[in-house]
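Source file: final.pdb (PDB, C-alpha atoms and all ligand atoms)
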ATOM      1  CA  MET Q  26     128.977 118.747 119.012
ATOM      2  CA  ILE Q  27     126.334 119.581 116.421
ATOM      3  CA  ILE Q  28     122.563 119.426 116.944
ATOM      4  CA  LEU Q  29     120.577 119.142 113.722
ATOM      5  CA  LYS Q  30     116.788 119.376 113.528
ATOM      6  CA  LEU Q  31     115.110 117.926 110.470
ATOM      7  CA  GLY Q  32     111.660 119.496 110.190
ATOM      8  CA  GLY Q  33     108.654 117.268 109.689
ATOM      9  CA  SER Q  34     107.632 119.486 106.783
ATOM     10  CA  ILE Q  35     110.671 118.211 104.859
ATOM     11  CA  LEU Q  36     110.715 114.547 105.863
ATOM     12  CA  THR Q  37     106.994 114.099 105.289
ATOM     13  CA  LYS Q  38     104.345 115.570 103.076
ATOM     14  CA  LYS Q  39     103.062 117.637 105.969
ATOM     15  CA  ASP Q  40      99.856 118.821 104.344
ATOM     16  CA  SER Q  41      98.848 115.294 103.437
ATOM     17  CA  VAL Q  42      95.855 113.949 105.371
ATOM     18  CA  ASN Q  43      97.572 110.575 105.533
ATOM     19  CA  PRO Q  44     101.031 109.993 106.966
ATOM     20  CA  GLU Q  45     103.376 110.095 103.990
ATOM     21  CA  ILE Q  46     107.174 110.226 103.834
ATOM     22  CA  ASP Q  47     109.073 112.391 101.357
ATOM     23  CA  TYR Q  48     111.684 109.804 100.394
ATOM     24  CA  ASP Q  49     113.443 112.131  97.933
ATOM     25  CA  ASN Q  50     114.226 114.574 100.727
ATOM     26  CA  LEU Q  51     115.002 111.867 103.280
ATOM     27  CA  ASN Q  52     117.467 110.026 101.011
ATOM     28  CA  ARG Q  53     119.106 113.260  99.870
ATOM     29  CA  ILE Q  54     119.570 114.512 103.436
ATOM     30  CA  ALA Q  55     120.948 111.170 104.630
ATOM     31  CA  SER Q  56     123.556 111.235 101.845
ATOM     32  CA  GLU Q  57     124.469 114.864 102.568
ATOM     33  CA  ILE Q  58     125.092 114.024 106.234
ATOM     34  CA  LYS Q  59     127.170 110.999 105.236
ATOM     35  CA  ARG Q  60     129.224 113.087 102.809
ATOM     36  CA  SER Q  61     130.028 115.626 105.510
ATOM     37  CA  LEU Q  62     130.898 113.020 108.156
ATOM     38  CA  ASP Q  63     133.123 111.176 105.672
ATOM     39  CA  LYS Q  64     135.043 114.385 105.098
ATOM     40  CA  LYS Q  65     135.656 114.805 108.810
ATOM     41  CA  HIS Q  66     134.128 113.034 111.810
ATOM     42  CA  LYS Q  67     131.747 115.214 113.805
ATOM     43  CA  GLU Q  68     129.761 114.516 116.941
ATOM     44  CA  LEU Q  69     126.160 114.811 115.838
ATOM     45  CA  VAL Q  70     122.716 114.537 117.450
ATOM     46  CA  ILE Q  71     119.696 114.538 115.150
ATOM     47  CA  VAL Q  72     116.170 115.506 116.177
ATOM     48  CA  HIS Q  73     113.351 115.155 113.672
ATOM     49  CA  GLY Q  74     109.838 116.498 113.557
ATOM     50  CA  ALA Q  75     106.554 114.662 113.248
ATOM     51  CA  GLY Q  76     105.005 116.151 110.102
ATOM     52  CA  SER Q  77     101.948 114.357 108.752
ATOM     53  CA  PHE Q  78     102.596 111.426 111.126
ATOM     54  CA  GLY Q  79     102.248 113.307 114.418
ATOM     55  CA  HIS Q  80     100.338 116.535 113.881
ATOM     56  CA  PRO Q  81      97.020 115.100 112.604
ATOM     57  CA  PRO Q  82      96.427 112.614 115.483
ATOM     58  CA  ALA Q  83      97.691 115.111 118.106
ATOM     59  CA  LYS Q  84      95.261 117.682 116.744
ATOM     60  CA  LYS Q  85      92.368 115.257 116.373
ATOM     61  CA  TYR Q  86      92.589 114.178 120.030
ATOM     62  CA  GLY Q  87      93.465 117.650 121.294
ATOM     63  CA  ILE Q  88      96.646 116.458 123.008
ATOM     64  CA  GLY Q  89      98.054 119.233 125.193
ATOM     65  CA  LYS Q  90      94.708 120.894 125.826
ATOM     66  CA  GLU Q  91      93.122 120.745 129.279
ATOM     67  CA  PHE Q  92      90.515 118.014 129.649
ATOM     68  CA  LYS Q  93      88.065 116.546 132.180
ATOM     69  CA  ASN Q  94      88.905 113.302 133.908
ATOM     70  CA  SER Q  95      85.988 111.612 132.161
ATOM     71  CA  GLU Q  96      87.736 112.306 128.836
ATOM     72  CA  TYR Q  97      90.973 110.608 129.915
ATOM     73  CA  PRO Q  98      90.226 107.177 128.322
ATOM     74  CA  GLU Q  99      89.793 108.856 124.912
ATOM     75  CA  LYS Q 100      92.891 111.034 125.465
ATOM     76  CA  ARG Q 101      94.983 107.990 126.318
ATOM     77  CA  ILE Q 102      94.023 106.421 122.992
ATOM     78  CA  GLY Q 103      94.984 109.638 121.208
ATOM     79  CA  PHE Q 104      98.315 109.648 123.055
ATOM     80  CA  SER Q 105      99.008 106.015 122.102
ATOM     81  CA  LYS Q 106      98.067 106.571 118.478
ATOM     82  CA  THR Q 107     100.261 109.670 118.194
ATOM     83  CA  GLN Q 108     103.176 107.950 119.927
ATOM     84  CA  ASN Q 109     102.895 105.006 117.580
ATOM     85  CA  ALA Q 110     102.641 107.197 114.485
ATOM     86  CA  VAL Q 111     105.802 109.183 115.261
ATOM     87  CA  LYS Q 112     107.617 105.962 116.152
ATOM     88  CA  LYS Q 113     106.774 104.605 112.685
ATOM     89  CA  LEU Q 114     108.208 107.716 111.059
ATOM     90  CA  ASN Q 115     111.321 107.406 113.208
ATOM     91  CA  MET Q 116     111.782 103.758 112.212
ATOM     92  CA  GLU Q 117     111.652 104.724 108.558
ATOM     93  CA  VAL Q 118     114.083 107.638 109.059
ATOM     94  CA  CYS Q 119     116.500 105.282 110.840
ATOM     95  CA  GLU Q 120     116.069 102.682 108.072
ATOM     96  CA  VAL Q 121     117.115 105.186 105.397
ATOM     97  CA  PHE Q 122     119.983 106.506 107.548
ATOM     98  CA  THR Q 123     121.399 103.047 108.290
ATOM     99  CA  ASN Q 124     121.117 102.194 104.570
ATOM    100  CA  ASN Q 125     123.355 105.222 104.033
ATOM    101  CA  ASN Q 126     125.842 103.739 106.520
ATOM    102  CA  LEU Q 127     125.106 106.254 109.256
ATOM    103  CA  PRO Q 128     125.396 104.654 112.729
ATOM    104  CA  VAL Q 129     122.165 106.069 114.144
ATOM    105  CA  ILE Q 130     120.607 105.052 117.429
ATOM    106  CA  SER Q 131     117.007 105.905 118.132
ATOM    107  CA  LEU Q 132     116.014 107.298 121.544
ATOM    108  CA  GLN Q 133     112.260 107.494 122.112
ATOM    109  CA  PRO Q 134     111.463 110.724 124.016
ATOM    110  CA  SER Q 135     108.200 109.422 125.577
ATOM    111  CA  THR Q 136     110.179 106.743 127.434
ATOM    112  CA  PHE Q 137     112.651 109.031 129.214
ATOM    113  CA  ILE Q 138     111.424 112.615 129.044
ATOM    114  CA  SER Q 139     108.572 114.221 130.975
ATOM    115  CA  THR Q 140     107.409 117.802 131.331
ATOM    116  CA  SER Q 141     105.832 120.177 133.795
ATOM    117  CA  ASN Q 142     103.380 122.638 132.243
ATOM    118  CA  GLY Q 143     104.654 121.604 128.843
ATOM    119  CA  ARG Q 144     108.334 122.235 129.608
ATOM    120  CA  ILE Q 145     110.909 119.437 129.993
ATOM    121  CA  ASN Q 146     111.644 118.738 133.657
ATOM    122  CA  ILE Q 147     113.039 115.198 133.546
ATOM    123  CA  ALA Q 148     115.369 113.893 130.847
ATOM    124  CA  ASN Q 149     118.314 111.690 131.681
ATOM    125  CA  LEU Q 150     120.919 112.243 128.979
ATOM    126  CA  ASP Q 151     123.454 109.702 130.305
ATOM    127  CA  PHE Q 152     122.647 107.119 127.631
ATOM    128  CA  LEU Q 153     122.682 109.687 124.863
ATOM    129  CA  LYS Q 154     126.136 110.795 126.013
ATOM    130  CA  LYS Q 155     127.376 107.187 126.153
ATOM    131  CA  TYR Q 156     126.249 106.543 122.585
ATOM    132  CA  LEU Q 157     127.847 109.795 121.409
ATOM    133  CA  LYS Q 158     131.105 108.816 123.071
ATOM    134  CA  GLU Q 159     131.041 105.490 121.228
ATOM    135  CA  GLY Q 160     130.680 107.247 117.879
ATOM    136  CA  PHE Q 161     126.944 106.746 117.340
ATOM    137  CA  ILE Q 162     124.500 109.377 116.097
ATOM    138  CA  PRO Q 163     121.580 109.616 118.548
ATOM    139  CA  ILE Q 164     118.236 110.395 116.893
ATOM    140  CA  LEU Q 165     115.317 111.828 118.871
ATOM    141  CA  TYR Q 166     112.034 113.203 117.604
ATOM    142  CA  GLY Q 167     108.926 115.222 118.397
ATOM    143  CA  ASP Q 168     106.719 112.953 120.525
ATOM    144  CA  VAL Q 169     103.968 112.936 123.138
ATOM    145  CA  VAL Q 170     105.078 112.774 126.785
ATOM    146  CA  LEU Q 171     103.701 112.666 130.325
ATOM    147  CA  ASP Q 172     103.274 116.024 132.032
ATOM    148  CA  ASP Q 173     103.117 116.641 135.814
ATOM    149  CA  ASP Q 174     100.382 119.268 135.440
ATOM    150  CA  LEU Q 175      98.566 118.608 132.161
ATOM    151  CA  LYS Q 176      98.961 114.782 132.278
ATOM    152  CA  ILE Q 177      99.825 114.431 128.590
ATOM    153  CA  VAL Q 178     101.330 116.919 126.114
ATOM    154  CA  VAL Q 179     102.987 117.201 122.720
ATOM    155  CA  LEU Q 180     106.739 117.696 122.974
ATOM    156  CA  SER Q 181     108.133 119.408 119.892
ATOM    157  CA  GLY Q 182     111.470 118.530 118.414
ATOM    158  CA  ASP Q 183     112.282 122.223 118.795
ATOM    159  CA  GLN Q 184     111.969 122.066 122.569
ATOM    160  CA  ILE Q 185     114.111 118.915 122.597
ATOM    161  CA  ILE Q 186     116.796 120.781 120.642
ATOM    162  CA  GLN Q 187     116.698 123.633 123.081
ATOM    163  CA  TYR Q 188     117.046 121.264 126.054
ATOM    164  CA  LEU Q 189     119.900 119.348 124.428
ATOM    165  CA  ALA Q 190     121.737 122.525 123.484
ATOM    166  CA  LYS Q 191     121.515 123.731 127.078
ATOM    167  CA  ASN Q 192     122.603 120.453 128.599
ATOM    168  CA  LEU Q 193     125.196 119.143 126.168
ATOM    169  CA  ASN Q 194     128.249 121.035 125.127
ATOM    170  CA  SER Q 195     126.945 121.941 121.719
ATOM    171  CA  ASP Q 196     128.771 124.379 119.474
ATOM    172  CA  LYS Q 197     126.389 124.390 116.518
ATOM    173  CA  ILE Q 198     122.603 124.261 116.293
ATOM    174  CA  ILE Q 199     121.010 123.936 112.872
ATOM    175  CA  LEU Q 200     117.267 123.993 112.498
ATOM    176  CA  GLY Q 201     116.203 122.741 109.100
ATOM    177  CA  THR Q 202     112.772 123.604 107.798
ATOM    178  CA  ASP Q 203     110.953 124.160 104.486
ATOM    179  CA  VAL Q 204     111.401 127.938 104.226
ATOM    180  CA  ASP Q 205     114.593 130.030 103.990
ATOM    181  CA  GLY Q 206     114.345 131.210 107.594
ATOM    182  CA  VAL Q 207     112.143 133.582 109.571
ATOM    183  CA  TYR Q 208     109.669 135.870 107.813
ATOM    184  CA  ASN Q 209     107.067 138.154 109.373
ATOM    185  CA  LYS Q 210     104.371 136.254 107.460
ATOM    186  CA  ASN Q 211     104.146 132.885 105.790
ATOM    187  CA  PRO Q 212     106.343 133.382 102.665
ATOM    188  CA  LYS Q 213     104.524 130.597 100.828
ATOM    189  CA  THR Q 214     101.280 132.519 100.741
ATOM    190  CA  ASN Q 215     102.516 136.137 100.994
ATOM    191  CA  ASN Q 216     104.727 137.649  98.304
ATOM    192  CA  ASP Q 217     105.383 140.681 100.478
ATOM    193  CA  ALA Q 218     106.735 138.700 103.473
ATOM    194  CA  THR Q 219     109.863 140.282 104.988
ATOM    195  CA  PHE Q 220     112.885 138.044 105.583
ATOM    196  CA  PHE Q 221     114.926 138.343 108.794
ATOM    197  CA  LYS Q 222     118.641 137.661 108.397
ATOM    198  CA  GLU Q 223     118.992 137.830 112.130
ATOM    199  CA  PHE Q 224     116.661 137.643 115.102
ATOM    200  CA  ASN Q 225     117.731 138.961 118.480
ATOM    201  CA  SER Q 226     114.828 139.433 120.822
ATOM    202  CA  LEU Q 227     111.169 138.808 121.512
ATOM    203  CA  ASP Q 228     110.563 142.453 120.535
ATOM    204  CA  ASP Q 229     111.257 141.433 116.938
ATOM    205  CA  LEU Q 230     108.166 139.243 117.206
ATOM    206  CA  ASP Q 231     105.918 142.325 117.345
ATOM    207  CA  SER Q 232     105.842 142.498 113.582
ATOM    208  CA  PHE Q 233     104.729 138.869 113.266
ATOM    209  CA  ASP Q 234     101.446 137.855 111.751
ATOM    210  CA  LEU Q 235     100.490 135.302 114.389
ATOM    211  CA  THR Q 236      97.644 133.792 112.415
ATOM    212  CA  THR Q 237      99.742 132.077 109.763
ATOM    213  CA  ASN Q 238     101.718 128.865 109.824
ATOM    214  CA  VAL Q 239     100.406 127.495 113.109
ATOM    215  CA  ASP Q 240     100.464 123.783 113.890
ATOM    216  CA  VAL Q 241     100.086 121.912 117.203
ATOM    217  CA  THR Q 242     103.526 123.049 118.314
ATOM    218  CA  GLY Q 243     103.275 126.668 117.221
ATOM    219  CA  GLY Q 244     104.820 126.680 113.725
ATOM    220  CA  MET Q 245     107.684 129.074 113.070
ATOM    221  CA  LEU Q 246     106.813 131.213 116.081
ATOM    222  CA  GLY Q 247     107.261 128.204 118.388
ATOM    223  CA  LYS Q 248     110.681 127.541 116.888
ATOM    224  CA  VAL Q 249     111.843 131.130 117.242
ATOM    225  CA  LYS Q 250     110.781 131.275 120.889
ATOM    226  CA  GLU Q 251     112.748 128.110 121.707
ATOM    227  CA  LEU Q 252     115.842 129.422 119.957
ATOM    228  CA  LEU Q 253     115.600 132.867 121.556
ATOM    229  CA  GLU Q 254     115.841 131.154 124.959
ATOM    230  CA  LEU Q 255     119.135 129.690 123.810
ATOM    231  CA  ALA Q 256     120.265 133.053 122.478
ATOM    232  CA  ASP Q 257     119.713 134.475 125.955
ATOM    233  CA  LEU Q 258     122.267 131.970 127.232
ATOM    234  CA  GLY Q 259     124.718 133.030 124.535
ATOM    235  CA  ILE Q 260     124.037 129.966 122.330
ATOM    236  CA  GLU Q 261     123.592 130.898 118.659
ATOM    237  CA  SER Q 262     121.501 128.891 116.209
ATOM    238  CA  LYS Q 263     120.495 129.090 112.569
ATOM    239  CA  ILE Q 264     117.246 128.305 110.743
ATOM    240  CA  ILE Q 265     117.788 127.126 107.159
ATOM    241  CA  ASN Q 266     115.836 125.625 104.273
ATOM    242  CA  ILE Q 267     116.819 121.958 104.030
ATOM    243  CA  GLY Q 268     114.459 121.449 101.112
ATOM    244  CA  LYS Q 269     117.335 122.968  99.136
ATOM    245  CA  LYS Q 270     119.966 120.628  97.774
ATOM    246  CA  ASP Q 271     123.257 120.599  99.702
ATOM    247  CA  PHE Q 272     122.034 122.937 102.453
ATOM    248  CA  VAL Q 273     122.418 120.291 105.174
ATOM    249  CA  TYR Q 274     125.883 119.453 103.844
ATOM    250  CA  LYS Q 275     126.921 123.105 103.631
ATOM    251  CA  ALA Q 276     125.556 123.895 107.095
ATOM    252  CA  LEU Q 277     127.517 120.979 108.571
ATOM    253  CA  GLU Q 278     130.611 122.210 106.724
ATOM    254  CA  ASP Q 279     130.189 125.782 108.018
ATOM    255  CA  GLU Q 280     129.674 127.154 104.532
ATOM    256  CA  ASP Q 281     127.851 130.444 104.244
ATOM    257  CA  ILE Q 282     124.224 129.787 103.213
ATOM    258  CA  LYS Q 283     121.019 131.784 103.406
ATOM    259  CA  GLY Q 284     119.183 131.472 106.716
ATOM    260  CA  THR Q 285     118.159 133.311 109.873
ATOM    261  CA  ILE Q 286     120.659 133.505 112.721
ATOM    262  CA  ILE Q 287     119.082 133.599 116.178
ATOM    263  CA  SER Q 288     121.483 135.251 118.575
ATOM    264  CA  LYS Q 289     121.837 137.816 121.323
ATOM    265  CA  LYS Q 290     122.746 141.312 120.119
TER     266      LYS Q 290
HETATM  267  C1  LIG Q 301     105.660 117.557 116.895
HETATM  268  O1  LIG Q 301     107.030 117.725 116.730
HETATM  269  C2  LIG Q 301     105.375 116.291 117.673
HETATM  270  C3  LIG Q 301     103.990 115.763 117.509
HETATM  271  C4  LIG Q 301     103.058 116.324 116.809
HETATM  272  C5  LIG Q 301     103.690 114.518 118.216
HETATM  273  P1  LIG Q 301     107.601 118.956 115.869
HETATM  274  O2  LIG Q 301     106.827 120.183 116.190
HETATM  275  O3  LIG Q 301     109.060 119.001 116.114
HETATM  276  O4  LIG Q 301     107.280 118.497 114.382
HETATM  277  P2  LIG Q 301     107.400 119.327 113.009
HETATM  278  O5  LIG Q 301     108.827 119.517 112.680
HETATM  279  O6  LIG Q 301     106.679 120.633 113.230
HETATM  280  O7  LIG Q 301     106.686 118.445 112.011
END

What do you get writing this file as structure tokens?
Amino acid sequence: MIILKLGGSILTKKDSVNPEIDYDNLNRIASEIKRSLDKKHKELVIVHGAGSFGHPPAKKYGIGKEFKNSEYPEKRIGFSKTQNAVKKLNMEVCEVFTNNNLPVISLQPSTFISTSNGRINIANLDFLKKYLKEGFIPILYGDVVLDDDLKIVVLSGDQIIQYLAKNLNSDKIILGTDVDGVYNKNPKTNNDATFFKEFNSLDDLDSFDLTTNVDVTGGMLGKVKELLELADLGIESKIINIGKKDFVYKALEDEDIKGTIISKK
């Protein structure tokens, strides 16, 4: 079974102040997935990010930060608005995927996942498994969820991937983003950024510039931390640039492409 994350930075124009979809990327990726599945059937679960649909409202309402009870009415509105925004993105992603004849089924994380201190503690995967068994492609996405301690939090698609990889028998985890993999600094703004072909432990994070590329779910650093937890369990994953043509296809086909492998040494 393959778990594929489609980063919000690719599916949307993430820096846009308004929610905006990148249809060129979305259509291209849908057709690459179709091409690979037509070649040979694969069990696939897709998780997508929130991009300019989810990050701006989550940030505006400070979802995930501690708050006083008197602020709860305002926070609830922020939660609802964020949930609705990411649902809209998901509907559009599913629309494009079904138009490409991909049998996707959308599972809304805020309706069956909750967290404790920001980490998933309840998530019943029975339905997801049933759909997989029937040949469907479940699609989940970064969302807002209820939390036992913090009341409401942002749940990143990266944490969902990590949870799924741990709890389903997954043999390939591909994390698609808008850079070639892990760098010590943001490669878009730093010519001297160093590329990591492989990442094996939290010690490698020492050389990170923590001030760059941070969004409400921690940017690249957040992704690497999630994947390192998997590496500790012996589950390998790879971060690739799915802004590049055919990279999703090649990753699904096990072709050798540039990227950062996160594994245990
Ligand atoms: C964020 O999900 C979810 C919300 C902001 C509600 P991700 O962290 O997976 O989104 P991207 O991939 O960074 O856009």

Contacts of Arg53 in chain Q within 12 Å, only C-alpha atoms, excl. fewer than 2 positions in-chain, as a PyMOL selection string: chain Q and resi 35-36+47-51+55-60+118+121-122+125+267-274

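Atom to atom, CA of Gly167 in chain Q and atom O2 of ligand LIG 301 (chain Q) stand 5.8 Å apart.
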
Do you have, as CSV, the list of residues of range 54-76 of chain Q lying at most 7 Å from range 169-191 of chain Q, each with its nearest atom pair and that distance in Å to one decimal, counting only C-alpha atoms and ordered by chain then number?
residue,atom,partner,partner_atom,distance
Q:Val72,CA,Q:Gly182,CA,6.0
Q:His73,CA,Q:Gly182,CA,6.1
Q:Gly74,CA,Q:Gly182,CA,5.5

Selection result for the PyMOL selection byres (((not hetatm)) within 10 of (chain Q and resi 301)) on this file, as JSON, numbers by chain: {"Q": [30, 31, 32, 33, 34, 35, 36, 37, 38, 39, 72, 73, 74, 75, 76, 77, 78, 79, 80, 81, 82, 83, 84, 88, 104, 106, 107, 108, 109, 110, 111, 112, 165, 166, 167, 168, 169, 170, 178, 179, 180, 181, 182, 183, 184, 185, 186, 200, 201, 202, 203, 239, 240, 241, 242, 243, 244, 245, 247, 248]}

Answer key for the PyMOL selection byres (((chain Q and resi 290) around 7) and not hetatm), residues as an MDAnalysis selection string: chainID Q and resid 225 288:289

Atom pair CA of Ile287 in chain Q / CA of Val249 in chain Q: separation (Å):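 Interatomic distance here is 7.7 Å.
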
The PyMOL selection byres (((chain Q and resi 196-199) around 6) and not hetatm) applied to the shown file, residues as number ranges by chain: Q: 26-29, 195, 200, 262-263

Keeping only C-alpha atoms, write the selected residues to a file as an mmCIF file, in the frame of the given file.
data_model
loop_
_atom_site.group_PDB
_atom_site.id
_atom_site.type_symbol
_atom_site.label_atom_id
_atom_site.label_comp_id
_atom_site.auth_asym_id
_atom_site.auth_seq_id
_atom_site.Cartn_x
_atom_site.Cartn_y
_atom_site.Cartn_z
ATOM 1 C CA MET Q 26 128.977 118.747 119.012
ATOM 2 C CA ILE Q 27 126.334 119.581 116.421
ATOM 3 C CA ILE Q 28 122.563 119.426 116.944
ATOM 4 C CA LEU Q 29 120.577 119.142 113.722
ATOM 5 C CA SER Q 195 126.945 121.941 121.719
ATOM 6 C CA LEU Q 200 117.267 123.993 112.498
ATOM 7 C CA SER Q 262 121.501 128.891 116.209
ATOM 8 C CA LYS Q 263 120.495 129.090 112.569
#

Spatial sel., origin (109.0, 114.2, 131.3), limit 7 Å, only C-alpha atoms, listed as a list in words: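 Checked against the point, the hits come out as Phe137, Ile138, Ser139, Thr140, Ile145, Asn146, Ile147, Ala148, Val170, Leu171 and Asp172 of chain Q.
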
Expected file contents, prior selection, C-alpha atoms, as a short mmCIF file (atom, residue, chain, number, x, y, z; two decimals), in the coordinates of the input:
data_model
loop_
_atom_site.label_atom_id
_atom_site.label_comp_id
_atom_site.auth_asym_id
_atom_site.auth_seq_id
_atom_site.Cartn_x
_atom_site.Cartn_y
_atom_site.Cartn_z
CA PHE Q 137 112.65 109.03 129.21
CA ILE Q 138 111.42 112.62 129.04
CA SER Q 139 108.57 114.22 130.98
CA THR Q 140 107.41 117.80 131.33
CA ILE Q 145 110.91 119.44 129.99
CA ASN Q 146 111.64 118.74 133.66
CA ILE Q 147 113.04 115.20 133.55
CA ALA Q 148 115.37 113.89 130.85
CA VAL Q 170 105.08 112.77 126.78
CA LEU Q 171 103.70 112.67 130.32
CA ASP Q 172 103.27 116.02 132.03
#

d(CA of Asn126 in chain Q, CA of Phe152 in chain Q) in Å: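 Taking CA of Asn126 in chain Q as the start and CA of Phe152 in chain Q as the end point, the length is 21.6 Å.
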
Spatial sel., origin (89.4, 114.6, 126.4), limit 9 Å, all atoms listed in the file, listed as a PyMOL selection string: chain Q and resi 86-88+90-101

Option closest in space to Phe224 in chain Q, from Q:Leu258, Q:Val42, Q:Tyr208, Q:Thr285 [counting only C-alpha atoms]: Q:Thr285

From Q:Glu45, Q:Ile286, Q:Lys275, Q:Glu280, residue lying nearest Leu253 in chain Q [all atoms listed in the file]: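 Once distances to Leu253 in chain Q are computed over all atoms listed in the file, the minimum belongs to Q:Ile286.
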
Would you mind putting back all heavy atoms on range 58-65 of chain Q, then writing it out as a PDB file, keeping the file's coordinate frame?
ATOM      1  N   ILE Q  58     124.479 114.183 104.909  1.00  0.00           N
ATOM      2  CA  ILE Q  58     125.092 114.024 106.234  1.00  0.00           C
ATOM      3  C   ILE Q  58     126.290 113.075 106.129  1.00  0.00           C
ATOM      4  O   ILE Q  58     127.369 113.347 106.653  1.00  0.00           O
ATOM      5  CB  ILE Q  58     124.054 113.480 107.256  1.00  0.00           C
ATOM      6  CG1 ILE Q  58     122.947 114.513 107.507  1.00  0.00           C
ATOM      7  CG2 ILE Q  58     124.729 113.110 108.582  1.00  0.00           C
ATOM      8  CD1 ILE Q  58     121.769 114.019 108.314  1.00  0.00           C
ATOM      9  N   LYS Q  59     126.088 111.982 105.399  1.00  0.00           N
ATOM     10  CA  LYS Q  59     127.170 110.999 105.236  1.00  0.00           C
ATOM     11  C   LYS Q  59     128.393 111.639 104.577  1.00  0.00           C
ATOM     12  O   LYS Q  59     129.530 111.445 105.009  1.00  0.00           O
ATOM     13  CB  LYS Q  59     126.632 109.829 104.387  1.00  0.00           C
ATOM     14  CG  LYS Q  59     127.627 108.776 104.039  1.00  0.00           C
ATOM     15  CD  LYS Q  59     128.018 107.927 105.239  1.00  0.00           C
ATOM     16  CE  LYS Q  59     129.001 106.841 104.830  1.00  0.00           C
ATOM     17  NZ  LYS Q  59     129.938 106.510 105.885  1.00  0.00           N
ATOM     18  N   ARG Q  60     128.126 112.439 103.540  1.00  0.00           N
ATOM     19  CA  ARG Q  60     129.224 113.087 102.809  1.00  0.00           C
ATOM     20  C   ARG Q  60     130.032 113.996 103.742  1.00  0.00           C
ATOM     21  O   ARG Q  60     131.262 114.011 103.720  1.00  0.00           O
ATOM     22  CB  ARG Q  60     128.620 113.913 101.658  1.00  0.00           C
ATOM     23  CG  ARG Q  60     129.586 114.529 100.694  1.00  0.00           C
ATOM     24  CD  ARG Q  60     129.003 114.602  99.283  1.00  0.00           C
ATOM     25  NE  ARG Q  60     127.725 115.288  99.230  1.00  0.00           N
ATOM     26  CZ  ARG Q  60     127.558 116.571  98.910  1.00  0.00           C
ATOM     27  NH1 ARG Q  60     128.595 117.311  98.600  1.00  0.00           N
ATOM     28  NH2 ARG Q  60     126.365 117.114  98.872  1.00  0.00           N
ATOM     29  N   SER Q  61     129.327 114.719 104.600  1.00  0.00           N
ATOM     30  CA  SER Q  61     130.028 115.626 105.510  1.00  0.00           C
ATOM     31  C   SER Q  61     130.812 114.851 106.573  1.00  0.00           C
ATOM     32  O   SER Q  61     131.954 115.193 106.890  1.00  0.00           O
ATOM     33  CB  SER Q  61     129.019 116.572 106.182  1.00  0.00           C
ATOM     34  OG  SER Q  61     129.639 117.271 107.233  1.00  0.00           O
ATOM     35  N   LEU Q  62     130.198 113.783 107.104  1.00  0.00           N
ATOM     36  CA  LEU Q  62     130.898 113.020 108.156  1.00  0.00           C
ATOM     37  C   LEU Q  62     132.102 112.270 107.583  1.00  0.00           C
ATOM     38  O   LEU Q  62     133.101 112.067 108.275  1.00  0.00           O
ATOM     39  CB  LEU Q  62     129.940 112.032 108.836  1.00  0.00           C
ATOM     40  CG  LEU Q  62     128.798 112.662 109.644  1.00  0.00           C
ATOM     41  CD1 LEU Q  62     128.036 111.608 110.422  1.00  0.00           C
ATOM     42  CD2 LEU Q  62     129.311 113.721 110.616  1.00  0.00           C
ATOM     43  N   ASP Q  63     131.993 111.865 106.305  1.00  0.00           N
ATOM     44  CA  ASP Q  63     133.123 111.176 105.672  1.00  0.00           C
ATOM     45  C   ASP Q  63     134.309 112.122 105.499  1.00  0.00           C
ATOM     46  O   ASP Q  63     135.464 111.715 105.556  1.00  0.00           O
ATOM     47  CB  ASP Q  63     132.720 110.631 104.295  1.00  0.00           C
ATOM     48  CG  ASP Q  63     131.982 109.301 104.422  1.00  0.00           C
ATOM     49  OD1 ASP Q  63     131.933 108.767 105.545  1.00  0.00           O
ATOM     50  OD2 ASP Q  63     131.450 108.824 103.403  1.00  0.00           O
ATOM     51  N   LYS Q  64     133.994 113.387 105.284  1.00  0.00           N
ATOM     52  CA  LYS Q  64     135.043 114.385 105.098  1.00  0.00           C
ATOM     53  C   LYS Q  64     135.819 114.550 106.412  1.00  0.00           C
ATOM     54  O   LYS Q  64     137.046 114.555 106.437  1.00  0.00           O
ATOM     55  CB  LYS Q  64     134.399 115.713 104.703  1.00  0.00           C
ATOM     56  CG  LYS Q  64     135.278 116.570 103.878  1.00  0.00           C
ATOM     57  CD  LYS Q  64     134.488 117.664 103.226  1.00  0.00           C
ATOM     58  CE  LYS Q  64     135.448 118.640 102.596  1.00  0.00           C
ATOM     59  NZ  LYS Q  64     134.748 119.809 102.099  1.00  0.00           N
ATOM     60  N   LYS Q  65     135.031 114.673 107.488  1.00  0.00           N
ATOM     61  CA  LYS Q  65     135.656 114.805 108.810  1.00  0.00           C
ATOM     62  C   LYS Q  65     134.642 114.352 109.848  1.00  0.00           C
ATOM     63  O   LYS Q  65     133.479 114.762 109.794  1.00  0.00           O
ATOM     64  CB  LYS Q  65     136.022 116.274 109.050  1.00  0.00           C
ATOM     65  CG  LYS Q  65     136.821 116.516 110.299  1.00  0.00           C
ATOM     66  CD  LYS Q  65     137.366 117.957 110.320  1.00  0.00           C
ATOM     67  CE  LYS Q  65     138.176 118.219 111.572  1.00  0.00           C
ATOM     68  NZ  LYS Q  65     137.363 118.683 112.677  1.00  0.00           N
TER      69      LYS Q  65
END
